[in-house]
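This is protein31.cif. It holds mmCIF, C-alpha atoms and all ligand atoms.
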data_structure
#
loop_
_atom_site.label_atom_id
_atom_site.label_comp_id
_atom_site.auth_asym_id
_atom_site.auth_seq_id
_atom_site.Cartn_x
_atom_site.Cartn_y
_atom_site.Cartn_z
CA MET T 1 300.50 -54.74 179.61
CA LYS T 2 301.21 -56.55 182.84
CA ASN T 3 301.57 -53.23 184.60
CA SER T 4 298.24 -51.80 183.49
CA ARG T 5 296.53 -55.03 184.52
CA SER T 6 297.91 -54.85 188.05
CA ASN T 7 296.90 -51.19 188.13
CA TRP T 8 293.37 -52.27 187.30
CA ILE T 9 293.39 -54.86 190.03
CA LEU T 10 294.68 -52.26 192.44
CA ALA T 11 291.99 -49.75 191.41
CA ILE T 12 289.20 -52.31 191.74
CA GLY T 13 290.65 -53.39 195.06
CA ILE T 14 290.55 -49.82 196.35
CA VAL T 15 287.02 -49.24 195.07
CA ILE T 16 285.73 -52.34 196.84
CA VAL T 17 287.96 -52.75 199.86
CA LEU T 18 288.09 -49.13 200.97
CA PRO T 19 284.33 -48.55 201.39
CA VAL T 20 283.95 -51.92 203.10
CA THR T 21 286.75 -51.08 205.52
CA ILE T 22 285.32 -47.63 206.26
CA TYR T 23 281.84 -49.09 206.74
CA PHE T 24 283.23 -51.71 209.12
CA LEU T 25 285.18 -49.12 211.15
CA LEU T 26 282.13 -46.86 211.44
CA TRP T 27 280.04 -49.86 212.48
CA ARG T 28 282.56 -50.66 215.23
CA VAL T 29 282.56 -47.10 216.53
CA LYS T 30 278.77 -47.20 216.69
CA HIS T 31 278.30 -50.67 218.16
CA GLU T 32 281.35 -51.56 220.17
CA SER T 33 283.49 -48.78 221.50
CA PRO T 34 280.63 -46.83 223.14
CA GLN T 35 280.36 -49.30 226.01
CA LYS T 36 284.08 -49.17 226.71
CA TYR T 37 284.32 -45.42 227.13
CA ALA T 38 284.90 -44.72 230.82
CA TRP T 39 283.65 -41.36 232.06
CA VAL T 40 284.42 -39.12 235.01
CA ALA T 41 282.19 -36.10 235.56
CA PRO T 42 283.87 -32.71 235.04
CA ASP T 43 284.69 -30.84 238.26
CA SER T 44 281.95 -28.30 238.97
CA SER T 45 284.49 -25.88 240.44
CA THR T 46 285.76 -25.45 236.86
CA ILE T 47 282.47 -23.96 235.64
CA PRO T 48 283.61 -20.55 234.37
CA LEU T 49 282.75 -17.32 236.21
CA THR T 50 280.97 -15.90 233.17
CA ALA T 51 277.32 -15.35 232.25
CA GLU T 52 277.40 -18.74 230.57
CA GLY T 53 278.84 -20.29 233.72
CA ALA T 54 276.08 -18.70 235.81
CA GLN T 55 273.50 -20.35 233.57
CA ILE T 56 275.19 -23.74 233.99
CA ARG T 57 275.25 -23.31 237.78
CA TYR T 58 271.58 -22.38 237.79
CA GLY T 59 270.87 -25.55 235.80
CA LYS T 60 272.76 -27.64 238.36
CA SER T 61 270.86 -25.98 241.17
CA LEU T 62 267.56 -26.74 239.39
CA PHE T 63 268.56 -30.42 239.27
CA GLY T 64 269.27 -30.55 242.99
CA ASN T 65 266.49 -28.24 244.24
CA THR T 66 263.74 -28.66 241.67
CA SER T 67 261.04 -28.46 244.29
CA TYR T 68 262.33 -25.16 245.68
CA TYR T 69 261.99 -23.57 242.22
CA LEU T 70 259.21 -25.57 240.55
CA GLY T 71 257.46 -27.65 243.26
CA PRO T 72 254.06 -27.16 244.92
CA LYS T 73 255.44 -24.05 246.71
CA GLY T 74 257.95 -23.20 243.96
CA ILE T 75 259.38 -19.67 243.84
CA VAL T 76 259.50 -19.63 240.00
CA ALA T 77 256.42 -21.71 239.09
CA LYS T 78 254.23 -24.34 240.74
CA ILE T 79 254.37 -27.06 238.11
CA SER T 80 255.69 -30.27 239.74
CA ASN T 81 255.18 -32.74 242.58
CA GLY T 82 257.86 -31.79 245.13
CA MET T 83 260.49 -34.25 243.94
CA ASN T 84 263.90 -33.19 242.63
CA CYS T 85 265.52 -34.37 239.39
CA GLN T 86 268.42 -35.46 241.60
CA ASN T 87 266.24 -37.90 243.59
CA CYS T 88 266.60 -40.27 240.60
CA HIS T 89 269.61 -38.76 238.76
CA LEU T 90 272.00 -38.90 241.73
CA ASP T 91 274.57 -36.09 242.13
CA ALA T 92 272.66 -34.04 239.54
CA GLY T 93 273.12 -36.76 236.93
CA ALA T 94 276.88 -36.96 237.47
CA ARG T 95 277.02 -40.33 239.27
CA ASN T 96 277.71 -43.33 237.05
CA PHE T 97 275.04 -46.08 237.05
CA ALA T 98 272.57 -43.82 238.90
CA ASN T 99 270.42 -42.75 235.91
CA CYS T 100 273.61 -40.98 234.92
CA LEU T 101 273.17 -38.26 232.29
CA SER T 102 276.66 -38.44 230.76
CA ALA T 103 275.31 -39.42 227.30
CA VAL T 104 272.68 -36.69 226.86
CA ALA T 105 274.93 -34.08 225.22
CA SER T 106 276.55 -36.68 222.94
CA THR T 107 273.38 -38.47 221.76
CA TYR T 108 270.52 -35.93 221.54
CA PRO T 109 268.64 -35.13 219.34
CA LYS T 110 267.90 -38.84 219.30
CA TYR T 111 265.24 -41.12 217.83
CA ARG T 112 263.27 -42.90 220.54
CA THR T 113 260.66 -45.60 220.03
CA ARG T 114 258.38 -44.42 222.89
CA SER T 115 257.55 -41.20 221.03
CA GLY T 116 258.40 -42.53 217.57
CA HIS T 117 260.31 -39.38 216.62
CA ASN T 118 263.60 -37.59 216.88
CA GLU T 119 263.61 -36.04 220.37
CA SER T 120 265.36 -32.82 221.34
CA VAL T 121 266.96 -32.51 224.80
CA GLU T 122 264.18 -30.04 225.71
CA PHE T 123 261.52 -32.59 224.75
CA ARG T 124 263.25 -35.28 226.85
CA ILE T 125 263.55 -33.01 229.90
CA ASN T 126 259.84 -32.18 229.66
CA GLU T 127 259.07 -35.89 229.51
CA CYS T 128 260.63 -36.34 232.96
CA LEU T 129 258.80 -33.24 234.22
CA GLU T 130 255.42 -34.55 233.07
CA ARG T 131 255.97 -38.16 234.15
CA SER T 132 258.60 -38.55 236.88
CA LEU T 133 257.63 -35.22 238.49
CA ASN T 134 253.98 -35.66 237.48
CA GLY T 135 254.00 -32.02 236.41
CA GLU T 136 253.77 -29.64 233.50
CA LYS T 137 256.14 -28.76 230.67
CA LEU T 138 258.58 -25.87 230.71
CA ASP T 139 258.60 -23.52 227.72
CA SER T 140 261.68 -24.31 225.58
CA LEU T 141 262.79 -20.67 225.78
CA SER T 142 262.24 -20.24 229.54
CA ARG T 143 265.22 -19.34 231.70
CA GLU T 144 264.87 -22.67 233.55
CA MET T 145 264.85 -24.85 230.42
CA ARG T 146 267.84 -22.97 228.95
CA ALA T 147 269.72 -23.51 232.24
CA LEU T 148 268.90 -27.25 232.44
CA VAL T 149 270.08 -27.74 228.84
CA ALA T 150 273.25 -25.67 229.43
CA TYR T 151 274.07 -27.78 232.49
CA LEU T 152 273.58 -31.09 230.62
CA ARG T 153 275.75 -29.84 227.73
CA TRP T 154 278.47 -28.88 230.19
CA LEU T 155 278.19 -32.22 232.01
CA GLY T 156 278.69 -34.18 228.77
CA LYS T 157 281.07 -31.75 227.06
CA ASP T 158 284.02 -34.18 226.94
CA VAL T 159 282.07 -37.13 225.52
CA PRO T 160 282.53 -37.50 221.73
CA ARG T 161 279.41 -37.37 219.52
CA ASN T 162 277.35 -40.60 219.55
CA ILE T 163 279.41 -42.17 222.32
CA VAL T 164 277.54 -43.66 225.29
CA PRO T 165 279.88 -43.94 228.30
CA ALA T 166 279.86 -47.21 230.25
CA GLY T 167 278.10 -45.77 233.33
CA ALA T 168 275.37 -43.85 231.47
CA GLY T 169 271.80 -44.54 232.60
CA VAL T 170 271.59 -47.65 234.75
CA PRO T 171 273.24 -51.06 234.18
CA GLU T 172 270.85 -53.62 232.68
CA ILE T 173 269.67 -56.18 235.23
CA SER T 174 269.07 -59.78 234.11
CA PHE T 175 265.42 -60.83 233.89
CA LEU T 176 264.00 -63.19 236.53
CA ASP T 177 262.87 -66.61 235.35
CA ARG T 178 259.76 -66.40 237.56
CA ALA T 179 257.15 -63.69 238.03
CA ALA T 180 258.22 -60.90 240.41
CA ASP T 181 256.54 -61.35 243.80
CA THR T 182 254.79 -58.48 245.60
CA VAL T 183 254.47 -60.44 248.88
CA ARG T 184 258.22 -61.01 249.10
CA GLY T 185 258.75 -57.40 248.01
CA ARG T 186 256.60 -56.15 250.87
CA SER T 187 258.74 -57.84 253.52
CA ILE T 188 262.01 -56.68 251.94
CA TYR T 189 260.58 -53.15 251.89
CA ALA T 190 259.83 -53.38 255.61
CA ALA T 191 263.36 -54.59 256.34
CA LYS T 192 265.40 -52.31 254.05
CA CYS T 193 263.51 -49.26 252.85
CA ILE T 194 260.84 -48.27 255.34
CA THR T 195 263.18 -46.36 257.67
CA CYS T 196 263.67 -43.65 255.05
CA HIS T 197 260.80 -43.94 252.57
CA GLY T 198 258.12 -44.49 255.26
CA ILE T 199 255.28 -46.86 256.08
CA ASN T 200 253.05 -45.54 253.32
CA GLY T 201 255.87 -44.97 250.85
CA ALA T 202 255.15 -41.28 251.30
CA GLY T 203 258.73 -40.28 252.13
CA VAL T 204 259.69 -37.61 254.69
CA ARG T 205 259.08 -33.94 253.98
CA ASN T 206 261.40 -30.99 254.67
CA PRO T 207 260.52 -29.07 257.86
CA ASP T 208 258.95 -26.31 255.71
CA SER T 209 257.21 -28.89 253.44
CA SER T 210 258.81 -27.35 250.35
CA GLY T 211 260.15 -30.74 249.28
CA PHE T 212 261.41 -34.05 250.67
CA VAL T 213 264.36 -35.21 252.74
CA TYR T 214 263.47 -38.76 251.67
CA PRO T 215 261.46 -38.80 248.45
CA PRO T 216 258.14 -40.67 248.12
CA LEU T 217 257.96 -44.05 246.36
CA TRP T 218 254.20 -44.09 245.85
CA GLY T 219 251.07 -42.06 246.64
CA PRO T 220 249.93 -38.69 245.26
CA ASP T 221 253.39 -37.03 245.43
CA SER T 222 255.26 -39.75 243.54
CA TYR T 223 256.01 -40.39 239.85
CA ASN T 224 253.03 -41.33 237.66
CA ILE T 225 252.25 -44.56 235.79
CA SER T 226 253.88 -43.27 232.58
CA ALA T 227 257.29 -42.66 234.20
CA GLY T 228 260.35 -44.78 233.41
CA LEU T 229 260.54 -46.09 237.00
CA PHE T 230 257.06 -47.56 236.68
CA ARG T 231 258.57 -50.25 234.44
CA LEU T 232 259.84 -52.97 236.78
CA SER T 233 263.17 -53.33 234.93
CA ARG T 234 263.96 -49.58 235.27
CA PHE T 235 263.13 -49.60 238.98
CA ALA T 236 265.03 -52.85 239.69
CA SER T 237 268.13 -51.68 237.77
CA PHE T 238 268.22 -48.34 239.58
CA ILE T 239 267.89 -49.73 243.11
CA SER T 240 270.31 -52.60 242.41
CA CYS T 241 273.30 -50.31 242.68
CA ASN T 242 271.89 -47.24 244.45
CA MET T 243 269.65 -48.34 247.32
CA PRO T 244 269.65 -48.39 250.31
CA PHE T 245 271.02 -44.87 249.81
CA GLY T 246 274.46 -44.29 251.29
CA THR T 247 275.49 -47.97 251.52
CA ALA T 248 274.83 -49.42 248.06
CA SER T 249 276.93 -48.70 244.96
CA HIS T 250 277.65 -50.28 241.60
CA ALA T 251 280.79 -51.85 243.08
CA LYS T 252 279.01 -52.91 246.28
CA PRO T 253 275.33 -53.70 245.73
CA GLN T 254 273.34 -54.42 248.88
CA LEU T 255 270.38 -56.21 247.30
CA SER T 256 270.24 -59.42 245.25
CA HIS T 257 268.71 -59.20 241.77
CA GLU T 258 265.70 -61.17 243.01
CA GLU T 259 265.15 -58.72 245.86
CA CYS T 260 265.29 -55.81 243.39
CA TRP T 261 262.61 -57.34 241.15
CA ASP T 262 260.35 -58.21 244.09
CA LEU T 263 260.71 -54.70 245.53
CA ALA T 264 259.92 -53.22 242.11
CA ALA T 265 256.78 -55.38 241.92
CA TYR T 266 255.65 -54.34 245.40
CA VAL T 267 256.30 -50.59 245.05
CA ASN T 268 254.80 -50.40 241.55
CA SER T 269 251.61 -52.14 242.76
CA GLN T 270 250.75 -49.29 245.16
CA ALA T 271 248.51 -46.36 244.26
CA ARG T 272 250.11 -43.46 242.34
CA PRO T 273 249.06 -40.70 239.95
CA ASP T 274 247.26 -42.17 236.96
CA ARG T 275 248.30 -40.28 233.86
CA LYS T 276 248.73 -41.68 230.38
CA PHE T 277 250.03 -40.14 227.18
CA PRO T 278 248.03 -41.36 224.17
CA TYR T 279 250.92 -40.80 221.75
CA ASP T 280 253.26 -43.27 223.51
CA TRP T 281 254.51 -46.28 221.51
CA PRO T 282 252.97 -45.47 218.12
CA ASP T 283 254.33 -48.84 216.93
CA ILE T 284 253.18 -51.38 219.54
CA LYS T 285 255.79 -53.89 218.35
CA ASN T 286 258.40 -51.67 220.02
CA LYS T 287 256.89 -51.84 223.52
CA PRO T 288 259.48 -53.29 225.93
CA ALA T 289 258.66 -56.73 227.40
CA ASP T 290 257.93 -55.18 230.82
CA TYR T 291 255.75 -52.30 229.57
CA PRO T 292 252.57 -52.84 231.60
CA PHE T 293 249.89 -51.40 229.27
CA GLY T 294 248.39 -53.04 226.16
CA PRO T 295 247.51 -53.35 223.38
CA TYR T 296 250.42 -55.64 222.51
CA ALA T 297 251.72 -57.25 219.36
CA ASP T 298 251.65 -60.60 221.25
CA ALA T 299 249.00 -62.56 223.17
CA PHE T 300 250.40 -62.11 226.71
CA SER T 301 248.27 -60.27 229.31
CA GLU T 302 249.09 -56.93 230.93
CA ALA T 303 249.78 -58.79 234.20
CA VAL T 304 252.40 -61.05 232.58
CA HIS T 305 254.00 -58.07 230.86
CA LYS T 306 254.13 -56.20 234.14
CA PHE T 307 255.30 -58.94 236.55
CA GLY T 308 256.79 -61.57 234.26
CA PRO T 309 257.93 -64.22 233.71
CA TRP T 310 259.37 -62.39 230.69
CA GLY T 311 261.27 -65.34 229.15
CA PRO T 312 258.25 -66.59 227.14
CA ILE T 313 257.49 -63.01 225.96
CA LYS T 314 261.02 -62.56 224.69
CA GLU T 315 260.99 -65.98 223.03
CA ALA T 316 257.69 -65.11 221.26
CA LYS T 317 259.20 -61.81 220.11
CA ARG T 318 262.29 -63.56 218.77
CA LEU T 319 260.16 -66.06 216.86
CA ALA T 320 257.94 -63.32 215.40
CA ALA T 321 261.04 -61.43 214.23
CA SER T 322 262.53 -64.54 212.62
CA ILE T 323 259.25 -65.28 210.80
CA SER T 324 258.85 -61.75 209.45
CA LYS T 325 262.40 -61.78 208.06
C1 LIG G 1 261.29 -40.54 239.54
C2 LIG G 1 262.61 -40.59 238.94
C3 LIG G 1 263.06 -39.48 238.02
C4 LIG G 1 263.04 -38.12 238.24
C5 LIG G 1 262.55 -37.41 239.47
C6 LIG G 1 263.58 -37.50 237.05
N1 LIG G 1 263.95 -38.45 236.15
FE1 LIG G 1 264.86 -38.12 234.34
N2 LIG G 1 264.86 -40.13 233.99
C7 LIG G 1 264.42 -41.10 234.87
C8 LIG G 1 264.61 -42.42 234.28
C9 LIG G 1 264.27 -43.76 234.94
C10 LIG G 1 265.18 -42.20 233.00
C11 LIG G 1 265.57 -43.26 231.95
C12 LIG G 1 264.30 -43.74 231.33
C13 LIG G 1 264.44 -44.93 230.43
O1 LIG G 1 265.47 -45.58 230.41
O2 LIG G 1 263.44 -45.21 229.75
C14 LIG G 1 265.32 -40.74 232.86
C15 LIG G 1 265.87 -40.12 231.73
C16 LIG G 1 266.16 -38.76 231.64
C17 LIG G 1 266.84 -38.14 230.52
C18 LIG G 1 267.36 -38.87 229.27
C19 LIG G 1 268.67 -39.55 229.54
C20 LIG G 1 269.25 -40.26 228.33
O3 LIG G 1 270.47 -40.55 228.36
O4 LIG G 1 268.54 -40.53 227.37
C21 LIG G 1 266.94 -36.80 230.80
C22 LIG G 1 267.59 -35.73 229.95
C23 LIG G 1 266.30 -36.60 232.09
N3 LIG G 1 265.84 -37.81 232.57
C24 LIG G 1 266.18 -35.37 232.73
C25 LIG G 1 265.49 -35.17 233.93
C26 LIG G 1 265.26 -33.86 234.51
C27 LIG G 1 265.75 -32.55 233.95
C28 LIG G 1 264.54 -34.07 235.65
C29 LIG G 1 263.95 -33.04 236.58
C30 LIG G 1 263.09 -32.04 235.96
C31 LIG G 1 264.35 -35.52 235.79
N4 LIG G 1 264.92 -36.13 234.72
C32 LIG G 1 263.71 -36.13 236.85
C33 LIG G 1 263.89 -40.90 236.13
C34 LIG G 1 263.65 -39.67 236.70
C1 LIG G 2 269.11 -44.22 254.34
C2 LIG G 2 267.88 -43.79 253.75
C3 LIG G 2 267.36 -44.60 252.56
C4 LIG G 2 267.09 -45.95 252.49
C5 LIG G 2 267.26 -47.00 253.61
C6 LIG G 2 266.57 -46.18 251.17
N1 LIG G 2 266.54 -45.03 250.45
FE1 LIG G 2 265.80 -44.80 248.55
N2 LIG G 2 266.38 -42.84 248.58
C7 LIG G 2 266.92 -42.17 249.66
C8 LIG G 2 267.27 -40.83 249.28
C9 LIG G 2 267.88 -39.76 250.19
C10 LIG G 2 266.91 -40.70 247.92
C11 LIG G 2 267.11 -39.45 247.05
C12 LIG G 2 268.58 -39.27 246.73
C13 LIG G 2 268.96 -37.85 246.37
O1 LIG G 2 268.08 -36.99 246.24
O2 LIG G 2 270.16 -37.61 246.23
C14 LIG G 2 266.32 -41.97 247.53
C15 LIG G 2 265.79 -42.25 246.26
C16 LIG G 2 265.13 -43.41 245.92
C17 LIG G 2 264.44 -43.63 244.66
C18 LIG G 2 264.28 -42.65 243.52
C19 LIG G 2 263.41 -41.49 243.90
C20 LIG G 2 261.97 -41.84 244.19
O3 LIG G 2 261.51 -41.44 245.28
O4 LIG G 2 261.29 -42.46 243.38
C21 LIG G 2 263.95 -44.91 244.71
C22 LIG G 2 263.15 -45.60 243.62
C23 LIG G 2 264.34 -45.49 245.97
N3 LIG G 2 265.05 -44.55 246.68
C24 LIG G 2 264.04 -46.78 246.38
C25 LIG G 2 264.49 -47.35 247.56
C26 LIG G 2 264.26 -48.73 247.94
C27 LIG G 2 263.45 -49.74 247.12
C28 LIG G 2 264.86 -48.92 249.15
C29 LIG G 2 264.97 -50.19 249.94
C30 LIG G 2 265.86 -51.20 249.37
C31 LIG G 2 265.47 -47.65 249.52
N4 LIG G 2 265.23 -46.72 248.55
C32 LIG G 2 266.17 -47.44 250.71
C33 LIG G 2 267.15 -42.71 250.92
C34 LIG G 2 267.01 -44.03 251.27
#
Could you quickly redo this structure as structure tokens?
Ligand code: HEC
Ligand code: HEC
Amino acid sequence: MKNSRSNWILAIGIVIVLPVTIYFLLWRVKHESPQKYAWVAPDSSTIPLTAEGAQIRYGKSLFGNTSYYLGPKGIVAKISNGMNCQNCHLDAGARNFANCLSAVASTYPKYRTRSGHNESVEFRINECLERSLNGEKLDSLSREMRALVAYLRWLGKDVPRNIVPAGAGVPEISFLDRAADTVRGRSIYAAKCITCHGINGAGVRNPDSSGFVYPPLWGPDSYNISAGLFRLSRFASFISCNMPFGTASHAKPQLSHEECWDLAAYVNSQARPDRKFPYDWPDIKNKPADYPFGPYADAFSEAVHKFGPWGPIKEAKRLAASISK
């Protein structure tokens, strides 16, 4: 009698405790461990000398020399603005904290709120082509798209599924408690950026004009208004540990957070290709605080969303979420 009762208790215990424990462990894997996973890029000299390896190497070369293949004088197609993927994804996406692409293989296909659907790697690559390179899509079956995908899969091959290594993308920068200031940004630009990126932000071209030695920051050859870098937080986070090029790093930033925000405000107030995608942000509630185009789910203007201060926007969002609960 006593025995069968304790068996029952044991059985009930297993039925309840086990699923809860498994759920909790899975939750931890998803929410905690990802950020702790340190990542070192695989050595490119280990890319195999096979047909598959050749495809991976071609993909890497496309990252570093996009303009040579696909720029205004491209030898394969003329479908982009002269920039290279590597101008923003340093070391062909292999450098931590530099729009690092270590998490692409482990996380795509992935649901993203900008498009409101599950995105394939091919879709995401084309998004950068159309926005950051102000260009046209590649066919999913083209030799170039297959090579770019093969390279990204190779780059992230050691990262377990759904894990986001610590240096993936860019580190988040804390928001300013004032509006970002274009006038301050202009003088910091003159002191710290102009030598390479030029007086008109136009960069410096290769001798044969096939691409750029120093890429443009605004003007007709730069990224368009729908690119990630056009959001002040994306720009500020990227430059905080990567610019000025050659001296700044994640371990040794050269700019203060304030300087990064003011530079972002200045650069993203200059003229650049005006191209919008009507299917962006199907649910306007998901627009990030610094997304500069309405309509919004709150009453703040486009100017406040673009330049800040973002504190009141975030507070309003928090309140709205707590009310709708
Ligand atoms: C002008 C800068 C710029 C250029 C040039 C650029 N990208 Fe990007 N790319 C970004 C930024 C910024 C993000 C992250 C956007 C965000 O966080 O919303 C990104 C994100 C990505 C992602 C998704 C990463 C992830 O973990 O979700 C892929 C894949 C990608 N880019 C591929 C490419 C390829 C391929 C090229 C060249 C054809 C390219 N990019 C050129 C700025 C750029
Ligand atoms: C010593 C030269 C140099 C200086 C100074 C410099 N950069 Fe750059 N910058 C580069 C190079 C080179 C790249 C492209 C890196 C690559 O292709 O590997 C780049 C890339 C960029 C990019 C991404 C690509 C693009 O054109 O949109 C941004 C944004 C940027 N720099 C902003 C800045 C800002 C802001 C400053 C001033 C704080 C600055 N840089 C100072 C050389 C420089």
*Can you tell me which residues sit at most 7 Å away from ligand LIG 2 (chain G), counting only C-alpha atoms and all ligand atoms, written as a list in words?*
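I would give the residues around ligand LIG 2 (chain G) as Asn84, Gln86, Asn87, Cys88, Leu90, Asp91, Tyr189, Lys192, Cys193, Ile194, Thr195, Cys196, His197, Val213, Tyr214, Pro215, Pro216, Leu217, Ser222, Tyr223, Phe235, Ile239, Met243, Pro244, Phe245, Gly246 and Leu263 of chain T.
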*Residues within 8 Å of ligand LIG 1 (chain G) (only C-alpha atoms and all ligand atoms), as an MDAnalysis selection string?*
chainID T and resid 62:63 66 83:89 99:104 107:108 121:122 124:129 131:133 148 152 168:170 222:223 227:229 234:235 238
Restricting it to C-alpha atoms, dump the selection as a tab-separated table (two decimals), in the coordinates of the input.
chain	number	residue	atom	x	y	z
T	62	LEU	CA	267.56	-26.74	239.39
T	63	PHE	CA	268.56	-30.42	239.27
T	66	THR	CA	263.74	-28.66	241.67
T	83	MET	CA	260.49	-34.25	243.94
T	84	ASN	CA	263.90	-33.19	242.63
T	85	CYS	CA	265.52	-34.37	239.39
T	86	GLN	CA	268.42	-35.46	241.60
T	87	ASN	CA	266.24	-37.90	243.59
T	88	CYS	CA	266.60	-40.27	240.60
T	89	HIS	CA	269.61	-38.76	238.76
T	99	ASN	CA	270.42	-42.75	235.91
T	100	CYS	CA	273.61	-40.98	234.92
T	101	LEU	CA	273.17	-38.26	232.29
T	102	SER	CA	276.66	-38.44	230.76
T	103	ALA	CA	275.31	-39.42	227.30
T	104	VAL	CA	272.68	-36.69	226.86
T	107	THR	CA	273.38	-38.47	221.76
T	108	TYR	CA	270.52	-35.93	221.54
T	121	VAL	CA	266.96	-32.51	224.80
T	122	GLU	CA	264.18	-30.04	225.71
T	124	ARG	CA	263.25	-35.28	226.85
T	125	ILE	CA	263.55	-33.01	229.90
T	126	ASN	CA	259.84	-32.18	229.66
T	127	GLU	CA	259.07	-35.89	229.51
T	128	CYS	CA	260.63	-36.34	232.96
T	129	LEU	CA	258.80	-33.24	234.22
T	131	ARG	CA	255.97	-38.16	234.15
T	132	SER	CA	258.60	-38.55	236.88
T	133	LEU	CA	257.63	-35.22	238.49
T	148	LEU	CA	268.90	-27.25	232.44
T	152	LEU	CA	273.58	-31.09	230.62
T	168	ALA	CA	275.37	-43.85	231.47
T	169	GLY	CA	271.80	-44.54	232.60
T	170	VAL	CA	271.59	-47.65	234.75
T	222	SER	CA	255.26	-39.75	243.54
T	223	TYR	CA	256.01	-40.39	239.85
T	227	ALA	CA	257.29	-42.66	234.20
T	228	GLY	CA	260.35	-44.78	233.41
T	229	LEU	CA	260.54	-46.09	237.00
T	234	ARG	CA	263.96	-49.58	235.27
T	235	PHE	CA	263.13	-49.60	238.98
T	238	PHE	CA	268.22	-48.34	239.58
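Considering the residues T:Ser233, T:Ile323, T:Gly185, T:Tyr68 and counting only C-alpha atoms, T:Gly308 has its shortest atom-to-atom contact with T:Ser233.
Separating atom CA of T:Val267 from atom CA of T:Ser237 is a distance of 13.9 Å.
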_Taking 4 positions as the minimum chain separation for residues in the same chain, which residues sit within 10 Å of T:Arg146 when counting all atoms listed in the file? Answer as a list in words._
Gln55, Ile56, Tyr58, Gly59, Glu122, Leu138, Asp139, Ser140, Leu141, Ser142, Ala150 and Tyr151 of chain T
*Point out the residue among T:Ile225, T:Leu255, T:Val159, T:Ala147 with the least atom-to-atom distance to T:Tyr37, counting only C-alpha atoms.*
T:Val159
*Could you tell me, as a count of residues only, which residues have any atom at most 10 Å from (284.5, -37.1, 234.2), counting all atoms listed in the file?*
15
*For T:Phe307, please output as an NGL selection string all residues within 7 Å (counting only C-alpha atoms; exclusion window: fewer than 2 positions along the same chain).*
:T and (179-180 or 265 or 303-305 or 309)
*What gap, in Å, lies between atom CA of T:Pro273 and atom CA of T:Asp181?*
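Taking atom CA of T:Pro273 as the start and atom CA of T:Asp181 as the end point, the length is 22.3 Å.
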*Which is closer to T:Arg112 than all the others in T:Arg231, T:Arg205, T:Arg272, T:Lys287, using only C-alpha atoms?*
T:Lys287
